[in-house]
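Taking it in order: structure first as structure tokens, then the write-up.
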Amino acid sequence: MDKTTRLKVALQKSGRLTDNSLDLLVRCGLKYSRGKDQLMCYGENMPLDILFVRDDDIPDLVQQDVCDLGIVGLNVIEEKRLAFEARGVTPLFEQIMLLDFGKCRLSIAVPDGVRYDGPQSLRGKRIATTYPHILGRFLRQHDVEAEVVTLSGAVEIAPRLGRADFICDLVSTGSTLVANHLWEAQTILESQAAIIRTPVPVSTEKQDWIHRLGLRIDGVQQVKESKYIMLHAPRARLAEIRKLLPGTEAPTIVPLEGANDKVAVHAVCRENVFWETLEGLKAAGASSILVLPVEKMLA
Ligand code: PRT
Ligand code: ZN
């Protein structure tokens, strides 16, 4: 395998980011075959190979230039960055793109029935977390001294086991907190998946593919929400109808054979088109309204 021309991308092996990360690369056109050990995938139509690892190892692999790119949550990126700095190591991996999945937040959660009046309520308390560096920074920023209890998992049961007073953990729906008789008191970091890249300059071939991948990912992310909308509009109400089209730039206006008072309007809407929008368009005189999914888009 040629290290100078083939991109190596680190993805989470098995977890919440795995399916979305692979799906994103497939939507960018990647066809791959799995290695026998299941640890690698080899791109068949792009010079790109995937290495499957634990998400926590991804920033290190990119920092050490074992992988050129990695897809990982901002929570892990930020915790690693601070951990490197605490060890006197300069974090060199660079975040190049935010992705539209893996959304969650790192929050302070408090047992039901216990009050929380802001960071000051944490003073002198024990807080269980798997994110000691992000939590430590938050406490320092608010000038609060507290005991950070670093756990490797099952943080949500720490208060019940008497190991901590509060927790600081990732939340998405909030149902884990509810099930553990905790309530979300304060968010300290908003997170989502992101792409990080190696600090080391790469060959021109690789740089070219990183650029192309970036454009394709942009296209894929835009397409998810985008719709192509076609309708007939009375000329007299065109301005009003254009205003109702969500997230469109210049629409195409086409004359209709044999009808001088009406035109056809075609537009890409970069936001979801809801029934309410269609009803609004109809009320403004539009007819023959068609909404189609967009398959691919390149800006
Ligand atoms: O084995 P490996 O180390 O690779 O996996 P992991 O167990 O560390 O990570 P995994 O697969 O759980 O999560 C990977 C990434 O997904 C995280 O680093 C986040 O960036 C992102 N993510 C998004 C989440 C969540 N949502 C999430 N809800 N990661 C974890 N959770 C957990 C949370 O810790 C809590 O236990 O889900 C529970 C809360 O969920 P709700 O929906 O009940 O609020
Ligand atoms: Zn992990």
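Here, A, B, ... name the chains of the structure tokens in the order displayed, residue numbers run from 1 inside each chain, and ligands are numbered from 1 in the same displayed order.
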
- [ ] Please provide the set of residues having any atom within 12 Å of stretch 209-217 of chain A, restricted to only C-alpha atoms, with same-chain residues fewer than 2 positions apart removed, written as JSON, numbers by chain.
- [x] {"A": [4, 5, 6, 7, 8, 9, 21, 23, 24, 25, 26, 27, 28, 29, 30, 46, 47, 48, 68, 69, 70, 96, 97, 98, 99, 100, 194, 195, 196, 197, 198, 201, 202, 203, 204, 205, 206, 207, 219, 220, 221, 222, 223, 224, 296, 297, 298, 299]}

Taking N, CA and C atoms for each residue, export the selection above as a tab-separated table (two decimals), in the first residue's frame.
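Saved to again.tsv:
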chain	number	residue	atom	x	y	z
A	4	THR	N	2.18	7.32	0.41
A	4	THR	CA	2.20	8.71	-0.06
A	4	THR	C	0.99	9.06	-0.91
A	5	THR	N	0.29	8.06	-1.43
A	5	THR	CA	-0.85	8.41	-2.29
A	5	THR	C	-2.20	7.97	-1.74
A	6	ARG	N	-2.23	6.96	-0.85
A	6	ARG	CA	-3.53	6.49	-0.34
A	6	ARG	C	-3.83	7.12	1.01
A	7	LEU	N	-5.01	7.73	1.10
A	7	LEU	CA	-5.43	8.34	2.36
A	7	LEU	C	-5.82	7.25	3.35
A	8	LYS	N	-5.40	7.42	4.58
A	8	LYS	CA	-5.83	6.48	5.62
A	8	LYS	C	-6.74	7.23	6.59
A	9	VAL	N	-7.97	6.70	6.76
A	9	VAL	CA	-8.98	7.39	7.56
A	9	VAL	C	-9.35	6.52	8.76
A	21	SER	N	-20.58	7.32	9.91
A	21	SER	CA	-19.29	7.65	9.30
A	21	SER	C	-19.09	6.88	8.00
A	23	ASP	N	-21.45	5.43	6.21
A	23	ASP	CA	-22.49	5.85	5.28
A	23	ASP	C	-22.08	7.15	4.57
A	24	LEU	N	-21.45	8.06	5.31
A	24	LEU	CA	-21.02	9.33	4.72
A	24	LEU	C	-20.01	9.06	3.60
A	25	LEU	N	-19.02	8.18	3.87
A	25	LEU	CA	-18.00	7.91	2.84
A	25	LEU	C	-18.62	7.21	1.64
A	26	VAL	N	-19.59	6.34	1.90
A	26	VAL	CA	-20.27	5.65	0.79
A	26	VAL	C	-21.04	6.67	-0.06
A	27	ARG	N	-21.72	7.60	0.60
A	27	ARG	CA	-22.44	8.65	-0.14
A	27	ARG	C	-21.50	9.54	-0.92
A	28	CYS	N	-20.24	9.60	-0.47
A	28	CYS	CA	-19.23	10.37	-1.21
A	28	CYS	C	-18.68	9.56	-2.37
A	29	GLY	N	-19.22	8.37	-2.57
A	29	GLY	CA	-18.85	7.59	-3.74
A	29	GLY	C	-17.94	6.41	-3.45
A	30	LEU	N	-17.56	6.20	-2.19
A	30	LEU	CA	-16.59	5.13	-1.87
A	30	LEU	C	-17.21	3.74	-2.01
A	46	MET	N	-11.46	4.63	-4.87
A	46	MET	CA	-10.79	5.86	-4.41
A	46	MET	C	-9.53	5.41	-3.67
A	47	PRO	N	-8.49	6.24	-3.71
A	47	PRO	CA	-7.28	5.87	-2.97
A	47	PRO	C	-7.45	6.19	-1.48
A	48	LEU	N	-8.36	5.46	-0.83
A	48	LEU	CA	-8.71	5.77	0.56
A	48	LEU	C	-8.97	4.45	1.30
A	68	ASP	N	-4.33	9.87	8.17
A	68	ASP	CA	-4.36	11.25	7.65
A	68	ASP	C	-5.59	11.99	8.15
A	69	LEU	N	-6.72	11.24	8.25
A	69	LEU	CA	-7.98	11.84	8.66
A	69	LEU	C	-8.64	10.95	9.71
A	70	GLY	N	-9.53	11.54	10.49
A	70	GLY	CA	-10.30	10.75	11.45
A	70	GLY	C	-11.65	11.39	11.64
A	96	ILE	N	-11.08	19.98	10.57
A	96	ILE	CA	-11.30	20.65	9.29
A	96	ILE	C	-12.77	20.74	8.87
A	97	MET	N	-13.64	19.97	9.51
A	97	MET	CA	-15.02	19.99	9.06
A	97	MET	C	-15.96	19.45	10.13
A	98	LEU	N	-17.10	20.11	10.31
A	98	LEU	CA	-18.12	19.58	11.22
A	98	LEU	C	-19.08	18.70	10.43
A	99	LEU	N	-19.54	17.62	11.05
A	99	LEU	CA	-20.46	16.71	10.38
A	99	LEU	C	-21.82	16.76	11.07
A	100	ASP	N	-22.86	16.36	10.30
A	100	ASP	CA	-24.21	16.57	10.84
A	100	ASP	C	-24.75	15.36	11.59
A	194	ALA	N	-16.88	15.34	13.90
A	194	ALA	CA	-16.07	16.25	13.10
A	194	ALA	C	-14.95	15.46	12.43
A	195	ILE	N	-14.36	16.06	11.39
A	195	ILE	CA	-13.19	15.44	10.75
A	195	ILE	C	-11.94	16.15	11.23
A	196	ILE	N	-10.96	15.36	11.65
A	196	ILE	CA	-9.66	15.96	11.99
A	196	ILE	C	-8.62	15.45	10.99
A	197	ARG	N	-7.58	16.25	10.79
A	197	ARG	CA	-6.53	15.83	9.84
A	197	ARG	C	-5.15	15.90	10.48
A	198	THR	N	-4.25	15.16	9.89
A	198	THR	CA	-2.87	15.10	10.35
A	198	THR	C	-2.21	16.48	10.28
A	201	PRO	N	2.36	17.77	6.58
A	201	PRO	CA	1.99	18.05	5.17
A	201	PRO	C	1.90	16.73	4.40
A	202	VAL	N	0.90	16.62	3.54
A	202	VAL	CA	0.70	15.37	2.79
A	202	VAL	C	1.08	15.58	1.32
A	203	SER	N	1.21	14.49	0.59
A	203	SER	CA	1.56	14.58	-0.83
A	203	SER	C	0.46	15.33	-1.59
A	204	THR	N	0.79	15.81	-2.77
A	204	THR	CA	-0.19	16.53	-3.59
A	204	THR	C	-1.39	15.65	-3.91
A	205	GLU	N	-1.12	14.35	-4.19
A	205	GLU	CA	-2.23	13.44	-4.51
A	205	GLU	C	-3.21	13.36	-3.33
A	206	LYS	N	-2.63	13.19	-2.14
A	206	LYS	CA	-3.49	13.08	-0.95
A	206	LYS	C	-4.24	14.39	-0.70
A	207	GLN	N	-3.52	15.51	-0.82
A	207	GLN	CA	-4.14	16.80	-0.57
A	207	GLN	C	-5.32	17.01	-1.52
A	219	GLY	N	-21.55	18.53	-0.26
A	219	GLY	CA	-22.68	18.20	-1.14
A	219	GLY	C	-23.63	17.22	-0.48
A	220	VAL	N	-23.07	16.17	0.12
A	220	VAL	CA	-23.89	15.14	0.77
A	220	VAL	C	-24.70	15.75	1.90
A	221	GLN	N	-24.06	16.62	2.68
A	221	GLN	CA	-24.77	17.20	3.84
A	221	GLN	C	-25.86	18.15	3.39
A	222	GLN	N	-25.61	18.86	2.31
A	222	GLN	CA	-26.64	19.79	1.82
A	222	GLN	C	-27.82	19.05	1.23
A	223	VAL	N	-27.51	17.97	0.52
A	223	VAL	CA	-28.55	17.20	-0.17
A	223	VAL	C	-29.56	16.63	0.80
A	224	LYS	N	-29.10	16.23	1.99
A	224	LYS	CA	-29.99	15.58	2.95
A	224	LYS	C	-31.24	16.42	3.21
A	296	LYS	N	-27.76	14.26	-5.83
A	296	LYS	CA	-26.38	14.71	-5.62
A	296	LYS	C	-26.32	16.19	-5.89
A	297	MET	N	-25.32	16.86	-5.27
A	297	MET	CA	-25.20	18.31	-5.45
A	297	MET	C	-23.72	18.68	-5.35
A	298	LEU	N	-23.25	19.51	-6.24
A	298	LEU	CA	-21.86	19.97	-6.17
A	298	LEU	C	-21.86	21.46	-6.39
A	299	ALA	N	-21.42	22.17	-5.36
A	299	ALA	CA	-21.49	23.64	-5.45
A	299	ALA	C	-20.45	24.17	-6.42

- [ ] Would you mind listing the residues within 10 Å of ligand 1, counting only C-alpha atoms and all ligand atoms, as number ranges by chain?
- [x] A: 11-18, 52-58, 71-77, 101-106, 129-130, 152-156, 168-180, 184, 190-194

Store the residues of this selection in a file with C-alpha atoms, as a PDB file, in the first residue's frame.
ATOM      1  CA  LEU A  11     -13.290   5.534  12.025  1.00  0.00           C
ATOM      2  CA  GLN A  12     -14.914   4.227  15.180  1.00  0.00           C
ATOM      3  CA  LYS A  13     -14.949   0.430  15.032  1.00  0.00           C
ATOM      4  CA  SER A  14     -18.244  -0.204  16.705  1.00  0.00           C
ATOM      5  CA  GLY A  15     -20.364   2.457  18.319  1.00  0.00           C
ATOM      6  CA  ARG A  16     -22.642   5.386  17.763  1.00  0.00           C
ATOM      7  CA  LEU A  17     -20.524   7.011  15.043  1.00  0.00           C
ATOM      8  CA  THR A  18     -19.716   3.895  13.016  1.00  0.00           C
ATOM      9  CA  PHE A  52     -11.361   0.813  12.541  1.00  0.00           C
ATOM     10  CA  VAL A  53     -10.402   1.721  16.102  1.00  0.00           C
ATOM     11  CA  ARG A  54     -11.888   2.864  19.422  1.00  0.00           C
ATOM     12  CA  ASP A  55     -13.056   6.448  19.126  1.00  0.00           C
ATOM     13  CA  ASP A  56     -10.743   7.566  21.949  1.00  0.00           C
ATOM     14  CA  ASP A  57      -7.701   6.460  19.914  1.00  0.00           C
ATOM     15  CA  ILE A  58      -8.597   8.496  16.820  1.00  0.00           C
ATOM     16  CA  ILE A  71     -13.992  11.089  12.239  1.00  0.00           C
ATOM     17  CA  VAL A  72     -14.685  11.598  15.924  1.00  0.00           C
ATOM     18  CA  GLY A  73     -16.883  13.586  18.331  1.00  0.00           C
ATOM     19  CA  LEU A  74     -15.941  17.095  19.440  1.00  0.00           C
ATOM     20  CA  ASN A  75     -16.196  15.832  23.015  1.00  0.00           C
ATOM     21  CA  VAL A  76     -13.323  13.397  22.389  1.00  0.00           C
ATOM     22  CA  ILE A  77     -11.351  15.952  20.342  1.00  0.00           C
ATOM     23  CA  PHE A 101     -24.386  13.538  13.114  1.00  0.00           C
ATOM     24  CA  GLY A 102     -23.295  12.387  16.588  1.00  0.00           C
ATOM     25  CA  LYS A 103     -24.983  15.395  18.147  1.00  0.00           C
ATOM     26  CA  CYS A 104     -24.994  15.406  21.938  1.00  0.00           C
ATOM     27  CA  ARG A 105     -23.971  17.619  24.845  1.00  0.00           C
ATOM     28  CA  LEU A 106     -21.743  17.219  27.857  1.00  0.00           C
ATOM     29  CA  THR A 129     -17.114  11.944  34.722  1.00  0.00           C
ATOM     30  CA  THR A 130     -15.193  10.362  31.885  1.00  0.00           C
ATOM     31  CA  SER A 152     -14.182   4.867  32.632  1.00  0.00           C
ATOM     32  CA  GLY A 153     -17.923   4.264  32.232  1.00  0.00           C
ATOM     33  CA  ALA A 154     -21.320   3.862  33.944  1.00  0.00           C
ATOM     34  CA  VAL A 155     -21.040   7.410  35.240  1.00  0.00           C
ATOM     35  CA  GLU A 156     -24.788   7.726  35.678  1.00  0.00           C
ATOM     36  CA  CYS A 168     -20.847  15.253  34.122  1.00  0.00           C
ATOM     37  CA  ASP A 169     -21.779  13.055  31.167  1.00  0.00           C
ATOM     38  CA  LEU A 170     -22.963  13.041  27.558  1.00  0.00           C
ATOM     39  CA  VAL A 171     -26.680  13.455  27.004  1.00  0.00           C
ATOM     40  CA  SER A 172     -28.685  13.132  23.819  1.00  0.00           C
ATOM     41  CA  THR A 173     -32.336  12.288  24.509  1.00  0.00           C
ATOM     42  CA  GLY A 174     -32.007  12.609  28.282  1.00  0.00           C
ATOM     43  CA  SER A 175     -33.708   9.252  28.939  1.00  0.00           C
ATOM     44  CA  THR A 176     -30.613   7.745  30.628  1.00  0.00           C
ATOM     45  CA  LEU A 177     -30.663  10.596  33.135  1.00  0.00           C
ATOM     46  CA  VAL A 178     -34.381  10.144  33.814  1.00  0.00           C
ATOM     47  CA  ALA A 179     -33.926   6.386  34.281  1.00  0.00           C
ATOM     48  CA  ASN A 180     -31.215   7.102  36.835  1.00  0.00           C
ATOM     49  CA  GLU A 184     -29.768  17.901  33.462  1.00  0.00           C
ATOM     50  CA  GLU A 190     -22.121  21.030  22.693  1.00  0.00           C
ATOM     51  CA  SER A 191     -20.817  18.194  20.555  1.00  0.00           C
ATOM     52  CA  GLN A 192     -21.149  16.599  17.135  1.00  0.00           C
ATOM     53  CA  ALA A 193     -18.936  14.520  14.892  1.00  0.00           C
ATOM     54  CA  ALA A 194     -16.065  16.249  13.099  1.00  0.00           C
TER      55      ALA A 194
END

- [ ] Identify which of the residues A:Pro59, A:Ala83, A:Gln95, A:Ser288 lies closest to ligand 2, counting only C-alpha atoms and all ligand atoms when measuring atom-to-atom distances.
- [x]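 Answer, going by the shortest atom-to-atom distance: A:Pro59.
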
TODO: Extract, using only C-alpha atoms, all DNA, RNA and protein residues at most 8 Å from A:Tyr32, discarding same-chain residues fewer than 3 positions from it, and format them as a PyMOL selection string.
DONE: chain A and resi 41-45

TODO: Assign secondary structure with DSSP using the backbone only, and return the residues of stretch 91-182 of chain A in alpha helix (DSSP H) as a list of chain:residue names.
DONE: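 DSSP-assigned alpha helix (DSSP H) residues in stretch 91-182 of chain A: A:Pro132, A:His133, A:Ile134, A:Leu135, A:Gly136, A:Arg137, A:Phe138, A:Leu139, A:Arg140, A:Gln141, A:Ser175, A:Thr176, A:Leu177, A:Val178, A:Ala179.
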
Keeping only N, CA and C atoms, write the selected residues as a CSV table (one decimal), in the first residue's frame.
chain,number,residue,atom,x,y,z
A,132,PRO,N,-12.5,14.3,32.5
A,132,PRO,CA,-11.9,15.1,33.6
A,132,PRO,C,-11.3,16.4,33.1
A,133,HIS,N,-10.8,16.5,31.9
A,133,HIS,CA,-10.1,17.7,31.5
A,133,HIS,C,-11.1,18.8,31.1
A,134,ILE,N,-12.2,18.4,30.4
A,134,ILE,CA,-13.2,19.4,30.0
A,134,ILE,C,-13.9,19.9,31.3
A,135,LEU,N,-14.2,19.0,32.2
A,135,LEU,CA,-14.8,19.4,33.4
A,135,LEU,C,-13.9,20.3,34.2
A,136,GLY,N,-12.6,19.9,34.3
A,136,GLY,CA,-11.6,20.7,35.1
A,136,GLY,C,-11.5,22.1,34.5
A,137,ARG,N,-11.6,22.2,33.2
A,137,ARG,CA,-11.5,23.6,32.6
A,137,ARG,C,-12.7,24.4,33.0
A,138,PHE,N,-13.9,23.7,33.0
A,138,PHE,CA,-15.1,24.4,33.3
A,138,PHE,C,-15.1,24.9,34.8
A,139,LEU,N,-14.6,24.1,35.7
A,139,LEU,CA,-14.5,24.4,37.1
A,139,LEU,C,-13.5,25.6,37.3
A,140,ARG,N,-12.4,25.5,36.6
A,140,ARG,CA,-11.4,26.6,36.7
A,140,ARG,C,-12.0,27.9,36.2
A,141,GLN,N,-12.7,27.8,35.0
A,141,GLN,CA,-13.3,29.0,34.4
A,141,GLN,C,-14.2,29.7,35.4
A,175,SER,N,-33.0,10.3,28.3
A,175,SER,CA,-33.7,9.3,28.9
A,175,SER,C,-32.8,8.5,29.9
A,176,THR,N,-31.5,8.4,29.7
A,176,THR,CA,-30.6,7.7,30.6
A,176,THR,C,-30.6,8.5,32.0
A,177,LEU,N,-30.6,9.8,31.9
A,177,LEU,CA,-30.7,10.6,33.1
A,177,LEU,C,-32.0,10.3,33.9
A,178,VAL,N,-33.1,10.4,33.2
A,178,VAL,CA,-34.4,10.1,33.8
A,178,VAL,C,-34.4,8.8,34.5
A,179,ALA,N,-33.9,7.8,33.7
A,179,ALA,CA,-33.9,6.4,34.3
A,179,ALA,C,-33.1,6.3,35.5

Task: Residues of stretch 36-263 of chain A in strand (DSSP E), written as a ChimeraX atom specification - done: /A:40-43,48-53,69-73,94-98,104-111,126-129,147-150,166-171,182-191,193-197,227-234,252-256,259-263

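The coordinates place atom CA of A:Gly113 at 13.4 Å from atom CA of A:Arg160.
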
Open item on the list: Calculated over only C-alpha atoms, which of the candidates A:Glu240, A:Asn20, A:Thr248, A:Tyr131 has the smallest distance to A:Leu82?
Closed with: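 Of A:Glu240, A:Asn20, A:Thr248, A:Tyr131, the one nearest A:Leu82 is A:Tyr131, counting only C-alpha atoms.
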
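For the atom pair formed by atom CA of A:Ile167 and atom CA of A:Lys80, the distance is 19.6 Å, given to one decimal.
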
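Atom CA of A:Ala164 to atom 1 (Zn, counted along the ligand's line) of ligand 2 spans 21.5 Å [interatomic distance, one decimal].
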